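**Student:** The following file, query_35.tsv, comprises TSV, N, CA and C atoms:
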```
chain	number	residue	atom	x	y	z
A	1	MET	N	85.62	110.15	100.39
A	1	MET	CA	85.60	110.23	101.83
A	1	MET	C	84.56	111.26	102.27
A	2	THR	N	83.76	110.86	103.20
A	2	THR	CA	82.75	111.77	103.71
A	2	THR	C	83.34	112.67	104.79
A	3	LYS	N	82.62	113.74	105.06
A	3	LYS	CA	83.05	114.66	106.12
A	3	LYS	C	83.08	113.94	107.47
A	4	GLN	N	82.11	113.07	107.69
A	4	GLN	CA	82.05	112.32	108.95
A	4	GLN	C	83.26	111.40	109.09
A	5	PHE	N	83.64	110.73	108.01
A	5	PHE	CA	84.81	109.85	108.08
A	5	PHE	C	86.07	110.65	108.38
A	6	LEU	N	86.21	111.80	107.76
A	6	LEU	CA	87.39	112.64	108.01
A	6	LEU	C	87.45	113.05	109.48
A	7	LYS	N	86.30	113.39	110.06
A	7	LYS	CA	86.24	113.76	111.47
A	7	LYS	C	86.59	112.55	112.34
A	8	ASP	N	85.99	111.40	112.05
A	8	ASP	CA	86.23	110.20	112.84
A	8	ASP	C	87.68	109.73	112.71
A	9	ALA	N	88.18	109.72	111.49
A	9	ALA	CA	89.52	109.18	111.26
A	9	ALA	C	90.61	110.14	111.72
A	10	PHE	N	90.58	111.34	111.21
A	10	PHE	CA	91.67	112.28	111.50
A	10	PHE	C	91.45	113.04	112.81
A	11	GLY	N	90.23	113.43	113.09
A	11	GLY	CA	89.94	114.14	114.33
A	11	GLY	C	90.16	113.27	115.56
A	12	TRP	N	89.43	112.16	115.61
A	12	TRP	CA	89.59	111.25	116.75
A	12	TRP	C	90.96	110.59	116.76
A	13	GLY	N	91.50	110.27	115.60
A	13	GLY	CA	92.83	109.66	115.53
A	13	GLY	C	93.88	110.56	116.13
A	14	PHE	N	93.84	111.85	115.77
A	14	PHE	CA	94.80	112.80	116.32
A	14	PHE	C	94.56	113.00	117.82
A	15	LEU	N	93.31	113.15	118.22
A	15	LEU	CA	93.01	113.39	119.63
A	15	LEU	C	93.45	112.21	120.51
A	16	LEU	N	93.19	111.00	120.06
A	16	LEU	CA	93.63	109.83	120.82
A	16	LEU	C	95.15	109.78	120.91
A	17	TRP	N	95.83	110.07	119.80
A	17	TRP	CA	97.29	110.09	119.84
A	17	TRP	C	97.77	111.18	120.81
A	18	LEU	N	97.14	112.36	120.75
A	18	LEU	CA	97.55	113.48	121.59
A	18	LEU	C	97.37	113.17	123.07
A	19	ILE	N	96.31	112.49	123.44
A	19	ILE	CA	96.09	112.10	124.83
A	19	ILE	C	97.26	111.26	125.33
A	20	GLY	N	97.65	110.25	124.54
A	20	GLY	CA	98.79	109.41	124.90
A	20	GLY	C	100.09	110.19	124.96
A	21	TYR	N	100.26	111.10	124.03
A	21	TYR	CA	101.47	111.93	123.98
A	21	TYR	C	101.59	112.79	125.24
A	22	VAL	N	100.51	113.46	125.60
A	22	VAL	CA	100.52	114.33	126.78
A	22	VAL	C	100.71	113.51	128.05
A	23	LEU	N	100.01	112.39	128.16
A	23	LEU	CA	100.21	111.53	129.33
A	23	LEU	C	101.65	111.04	129.42
A	24	GLY	N	102.23	110.69	128.29
A	24	GLY	CA	103.62	110.26	128.27
A	24	GLY	C	104.56	111.34	128.76
A	25	MET	N	104.32	112.57	128.33
A	25	MET	CA	105.15	113.70	128.78
A	25	MET	C	105.02	113.91	130.28
A	26	MET	N	103.79	113.79	130.78
A	26	MET	CA	103.57	113.98	132.22
A	26	MET	C	104.22	112.85	133.04
A	27	LEU	N	104.10	111.63	132.56
A	27	LEU	CA	104.64	110.49	133.29
A	27	LEU	C	106.15	110.37	133.18
A	28	PHE	N	106.73	111.01	132.18
A	28	PHE	CA	108.18	110.97	131.97
A	28	PHE	C	108.93	111.44	133.22
A	29	ALA	N	108.33	112.37	133.93
A	29	ALA	CA	108.98	112.94	135.11
A	29	ALA	C	108.90	112.04	136.34
A	30	VAL	N	107.98	111.08	136.34
A	30	VAL	CA	107.76	110.31	137.57
A	30	VAL	C	107.92	108.79	137.41
A	31	LEU	N	108.04	108.32	136.19
A	31	LEU	CA	108.16	106.87	135.96
A	31	LEU	C	109.41	106.55	135.15
A	32	PRO	N	109.94	105.36	135.33
A	32	PRO	CA	111.02	104.92	134.44
A	32	PRO	C	110.48	104.83	133.00
A	33	VAL	N	111.30	105.20	132.05
A	33	VAL	CA	110.90	105.25	130.65
A	33	VAL	C	110.30	103.92	130.17
A	34	ASN	N	110.86	102.81	130.61
A	34	ASN	CA	110.38	101.51	130.13
A	34	ASN	C	109.00	101.15	130.66
A	35	LEU	N	108.45	101.89	131.62
A	35	LEU	CA	107.12	101.61	132.17
A	35	LEU	C	106.03	102.53	131.63
A	36	ILE	N	106.39	103.63	131.02
A	36	ILE	CA	105.41	104.64	130.62
A	36	ILE	C	104.34	104.04	129.69
A	37	GLY	N	104.75	103.34	128.67
A	37	GLY	CA	103.79	102.76	127.73
A	37	GLY	C	102.84	101.78	128.39
A	38	TRP	N	103.37	100.97	129.31
A	38	TRP	CA	102.53	99.98	129.99
A	38	TRP	C	101.52	100.63	130.92
A	39	VAL	N	101.86	101.79	131.46
A	39	VAL	CA	100.94	102.51	132.35
A	39	VAL	C	99.85	103.21	131.53
A	40	ILE	N	100.23	103.80	130.41
A	40	ILE	CA	99.27	104.53	129.56
A	40	ILE	C	98.31	103.58	128.84
A	41	MET	N	98.78	102.40	128.47
A	41	MET	CA	98.00	101.52	127.60
A	41	MET	C	96.60	101.19	128.10
A	42	PRO	N	96.40	100.78	129.35
A	42	PRO	CA	95.02	100.47	129.78
A	42	PRO	C	94.08	101.68	129.69
A	43	LEU	N	94.58	102.85	130.06
A	43	LEU	CA	93.76	104.06	129.96
A	43	LEU	C	93.49	104.39	128.50
A	44	GLY	N	94.50	104.28	127.68
A	44	GLY	CA	94.34	104.53	126.25
A	44	GLY	C	93.35	103.58	125.60
A	45	MET	N	93.40	102.32	126.00
A	45	MET	CA	92.44	101.34	125.46
A	45	MET	C	91.02	101.69	125.88
A	46	ALA	N	90.84	102.07	127.13
A	46	ALA	CA	89.51	102.42	127.62
A	46	ALA	C	88.95	103.63	126.87
A	47	ILE	N	89.77	104.64	126.70
A	47	ILE	CA	89.33	105.85	125.98
A	47	ILE	C	89.02	105.51	124.53
A	48	THR	N	89.88	104.72	123.90
A	48	THR	CA	89.67	104.33	122.50
A	48	THR	C	88.38	103.53	122.34
A	49	LEU	N	88.14	102.60	123.23
A	49	LEU	CA	86.90	101.82	123.16
A	49	LEU	C	85.68	102.70	123.37
A	50	TRP	N	85.77	103.66	124.28
A	50	TRP	CA	84.67	104.59	124.49
A	50	TRP	C	84.38	105.37	123.20
A	51	VAL	N	85.44	105.87	122.56
A	51	VAL	CA	85.27	106.61	121.29
A	51	VAL	C	84.63	105.70	120.25
A	52	LEU	N	85.14	104.49	120.12
A	52	LEU	CA	84.63	103.58	119.10
A	52	LEU	C	83.16	103.21	119.32
A	53	PHE	N	82.76	102.99	120.55
A	53	PHE	CA	81.39	102.59	120.82
A	53	PHE	C	80.42	103.77	120.89
A	54	LYS	N	80.87	104.90	121.42
A	54	LYS	CA	79.95	106.02	121.67
A	54	LYS	C	80.00	107.13	120.62
A	55	LYS	N	81.15	107.32	120.01
A	55	LYS	CA	81.30	108.46	119.10
A	55	LYS	C	81.32	108.08	117.62
A	56	ILE	N	81.70	106.86	117.32
A	56	ILE	CA	81.72	106.41	115.92
A	56	ILE	C	80.38	105.76	115.64
A	57	LYS	N	79.59	106.36	114.78
A	57	LYS	CA	78.21	105.92	114.56
A	57	LYS	C	78.08	104.86	113.47
A	58	SER	N	79.05	104.71	112.63
A	58	SER	CA	78.94	103.75	111.53
A	58	SER	C	78.81	102.33	112.05
A	59	GLU	N	78.14	101.50	111.26
A	59	GLU	CA	78.04	100.08	111.56
A	59	GLU	C	78.62	99.24	110.42
A	60	GLN	N	79.27	99.90	109.47
A	60	GLN	CA	79.86	99.21	108.33
A	60	GLN	C	81.28	98.78	108.68
A	61	PHE	N	81.55	97.50	108.50
A	61	PHE	CA	82.86	96.96	108.88
A	61	PHE	C	84.00	97.61	108.11
A	62	ASP	N	83.80	97.88	106.82
A	62	ASP	CA	84.88	98.48	106.03
A	62	ASP	C	85.22	99.88	106.54
A	63	TYR	N	84.25	100.58	107.13
A	63	TYR	CA	84.50	101.89	107.74
A	63	TYR	C	85.53	101.74	108.86
A	64	PHE	N	85.37	100.70	109.66
A	64	PHE	CA	86.27	100.47	110.79
A	64	PHE	C	87.65	100.00	110.31
A	65	ILE	N	87.70	99.30	109.20
A	65	ILE	CA	89.00	98.92	108.63
A	65	ILE	C	89.76	100.18	108.23
A	66	LYS	N	89.08	101.07	107.51
A	66	LYS	CA	89.71	102.33	107.09
A	66	LYS	C	90.11	103.17	108.30
A	67	LEU	N	89.24	103.20	109.30
A	67	LEU	CA	89.52	103.94	110.52
A	67	LEU	C	90.79	103.41	111.19
A	68	GLY	N	90.90	102.08	111.29
A	68	GLY	CA	92.09	101.47	111.89
A	68	GLY	C	93.35	101.80	111.12
A	69	VAL	N	93.27	101.81	109.80
A	69	VAL	CA	94.44	102.12	108.98
A	69	VAL	C	94.88	103.57	109.21
A	70	VAL	N	93.92	104.49	109.19
A	70	VAL	CA	94.27	105.91	109.39
A	70	VAL	C	94.81	106.14	110.79
A	71	TRP	N	94.16	105.56	111.80
A	71	TRP	CA	94.65	105.74	113.17
A	71	TRP	C	96.04	105.17	113.34
A	72	LEU	N	96.31	104.04	112.71
A	72	LEU	CA	97.64	103.44	112.78
A	72	LEU	C	98.68	104.34	112.12
A	73	LEU	N	98.36	104.87	110.95
A	73	LEU	CA	99.29	105.78	110.27
A	73	LEU	C	99.56	107.04	111.10
A	74	ILE	N	98.51	107.58	111.71
A	74	ILE	CA	98.69	108.75	112.58
A	74	ILE	C	99.63	108.40	113.73
A	75	ALA	N	99.39	107.27	114.37
A	75	ALA	CA	100.21	106.86	115.51
A	75	ALA	C	101.67	106.70	115.11
A	76	ILE	N	101.91	105.99	114.03
A	76	ILE	CA	103.29	105.73	113.59
A	76	ILE	C	104.00	107.02	113.18
A	77	LEU	N	103.35	107.80	112.32
A	77	LEU	CA	103.99	109.01	111.82
A	77	LEU	C	104.21	110.06	112.90
A	78	PHE	N	103.19	110.29	113.74
A	78	PHE	CA	103.33	111.30	114.77
A	78	PHE	C	104.33	110.87	115.84
A	79	ASP	N	104.34	109.59	116.20
A	79	ASP	CA	105.36	109.10	117.13
A	79	ASP	C	106.75	109.35	116.56
A	80	TYR	N	106.92	109.02	115.30
A	80	TYR	CA	108.23	109.16	114.69
A	80	TYR	C	108.69	110.62	114.67
A	81	PHE	N	107.82	111.51	114.20
A	81	PHE	CA	108.23	112.91	114.05
A	81	PHE	C	108.22	113.69	115.37
A	82	PHE	N	107.27	113.42	116.26
A	82	PHE	CA	107.13	114.22	117.47
A	82	PHE	C	107.75	113.59	118.71
A	83	LEU	N	108.25	112.37	118.58
A	83	LEU	CA	108.98	111.75	119.70
A	83	LEU	C	110.38	111.35	119.26
A	84	VAL	N	110.45	110.43	118.33
A	84	VAL	CA	111.76	109.88	117.94
A	84	VAL	C	112.65	110.97	117.35
A	85	LYS	N	112.14	111.71	116.37
A	85	LYS	CA	112.95	112.75	115.73
A	85	LYS	C	113.09	114.00	116.60
A	86	ALA	N	111.98	114.48	117.14
A	86	ALA	CA	112.00	115.74	117.89
A	86	ALA	C	112.86	115.66	119.14
A	87	PHE	N	112.80	114.54	119.85
A	87	PHE	CA	113.55	114.40	121.10
A	87	PHE	C	114.77	113.50	120.95
A	88	LYS	N	115.03	113.08	119.71
A	88	LYS	CA	116.17	112.21	119.43
A	88	LYS	C	116.18	110.99	120.37
A	89	VAL	N	115.00	110.36	120.47
A	89	VAL	CA	114.83	109.21	121.36
A	89	VAL	C	115.48	107.98	120.73
A	90	VAL	N	116.35	107.37	121.48
A	90	VAL	CA	116.98	106.13	121.05
A	90	VAL	C	116.29	104.98	121.79
A	91	GLY	N	115.96	103.93	121.09
A	91	GLY	CA	115.33	102.78	121.73
A	91	GLY	C	113.86	102.97	122.05
A	92	TYR	N	113.16	103.82	121.29
A	92	TYR	CA	111.74	104.06	121.54
A	92	TYR	C	110.89	102.83	121.23
A	93	TYR	N	111.26	102.13	120.18
A	93	TYR	CA	110.43	101.01	119.71
A	93	TYR	C	110.69	99.77	120.56
A	94	LYS	N	109.79	99.58	121.54
A	94	LYS	CA	109.86	98.46	122.48
A	94	LYS	C	108.58	97.65	122.34
A	95	PRO	N	108.48	96.52	123.02
A	95	PRO	CA	107.25	95.71	122.93
A	95	PRO	C	105.97	96.50	123.23
A	96	SER	N	106.00	97.42	124.18
A	96	SER	CA	104.79	98.18	124.50
A	96	SER	C	104.36	99.05	123.31
A	97	VAL	N	105.31	99.59	122.57
A	97	VAL	CA	104.98	100.42	121.41
A	97	VAL	C	104.40	99.55	120.30
A	98	TYR	N	104.97	98.38	120.07
A	98	TYR	CA	104.44	97.49	119.03
A	98	TYR	C	103.03	97.00	119.39
A	99	LEU	N	102.79	96.75	120.67
A	99	LEU	CA	101.45	96.36	121.11
A	99	LEU	C	100.48	97.53	120.93
A	100	TYR	N	100.93	98.72	121.26
A	100	TYR	CA	100.11	99.93	121.05
A	100	TYR	C	99.72	100.07	119.58
A	101	TYR	N	100.68	99.88	118.67
A	101	TYR	CA	100.37	99.96	117.24
A	101	TYR	C	99.38	98.87	116.83
A	102	ALA	N	99.58	97.68	117.32
A	102	ALA	CA	98.67	96.57	116.98
A	102	ALA	C	97.25	96.88	117.47
A	103	LEU	N	97.14	97.35	118.71
A	103	LEU	CA	95.82	97.66	119.27
A	103	LEU	C	95.16	98.83	118.55
A	104	THR	N	95.95	99.78	118.11
A	104	THR	CA	95.42	100.93	117.38
A	104	THR	C	94.70	100.47	116.12
A	105	PHE	N	95.19	99.42	115.50
A	105	PHE	CA	94.55	98.87	114.31
A	105	PHE	C	93.47	97.85	114.65
A	106	ILE	N	93.73	97.00	115.62
A	106	ILE	CA	92.82	95.89	115.93
A	106	ILE	C	91.55	96.33	116.66
A	107	LEU	N	91.64	97.28	117.58
A	107	LEU	CA	90.44	97.70	118.33
A	107	LEU	C	89.32	98.20	117.41
A	108	PRO	N	89.60	99.04	116.42
A	108	PRO	CA	88.50	99.41	115.51
A	108	PRO	C	87.91	98.20	114.77
A	109	LEU	N	88.75	97.25	114.41
A	109	LEU	CA	88.24	96.05	113.73
A	109	LEU	C	87.32	95.25	114.63
A	110	LEU	N	87.71	95.07	115.88
A	110	LEU	CA	86.90	94.31	116.83
A	110	LEU	C	85.56	95.00	117.08
A	111	VAL	N	85.59	96.31	117.26
A	111	VAL	CA	84.36	97.05	117.51
A	111	VAL	C	83.49	97.05	116.26
A	112	GLY	N	84.09	97.21	115.09
A	112	GLY	CA	83.33	97.15	113.84
A	112	GLY	C	82.67	95.79	113.65
A	113	TRP	N	83.37	94.74	113.99
A	113	TRP	CA	82.82	93.39	113.90
A	113	TRP	C	81.66	93.23	114.89
A	114	LYS	N	81.84	93.77	116.09
A	114	LYS	CA	80.80	93.68	117.12
A	114	LYS	C	79.55	94.48	116.72
A	115	LYS	N	79.74	95.66	116.17
A	115	LYS	CA	78.61	96.49	115.76
A	115	LYS	C	77.86	95.87	114.58
A	116	LYS	N	78.59	95.17	113.73
A	116	LYS	CA	77.98	94.54	112.56
A	116	LYS	C	77.13	93.38	113.02
```
For the structure just supplied, provide its representation as structure tokens.
**Tutor:**
Amino acid sequence: MTKQFLKDAFGWGFLLWLIGYVLGMMLFAVLPVNLIGWVIMPLGMAITLWVLFKKIKSEQFDYFIKLGVVWLLIAILFDYFFLVKAFKVVGYYKPSVYLYYALTFILPLLVGWKKK
């Protein structure tokens, strides 16, 4: 693994997750819980696409596959430990969360395919 991949995978992966986490905490006070994910998702997608097109310089498709895998693992593990376990959230895993996980993996693949 190169230093650049570690930065792209773990740095951007954590930062993207953190943005969603912070937005979720802020929206928790003003929105019904079942709507938070649906409100964050369009903004999260836009930010993720910006990162993928502007900040990720690789044009190798396998780089984007690995990126998607790492970002997905970060999303799943951090959600589990910092939301489900930390706040003892019951019923966290809803359709919006599964779509978020799918997009976390698929968006890097689509951008990698487009760049190739």
**Student:** Just how far from atom N of Pro95 of chain A is atom C of Trp113 of chain A, in Å to one decimal?
**Tutor:**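 Answer for the atom C of Trp113 of chain A to atom N of Pro95 of chain A separation: 28.2 Å.
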**Student:** Mind giving me the straight-line distance from atom CA of Trp71 of chain A to atom CA of Ile106 of chain A in Å, one decimal?
**Tutor:** 10.4 Å
**Student:** Could you jot down the atom C of Leu77 of chain A to atom C of Val39 of chain A separation for me, Å, one decimal place?
**Tutor:**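 Distance between the two atoms: 20.3 Å.
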**Student:** Around (94.5, 101.4, 113.1) in the file's own coordinates, what residues are found within 10 Å if you use only C-alpha atoms, given back as a PyMOL selection string?
**Tutor:** chain A and resi 9+13+64-76+100-109
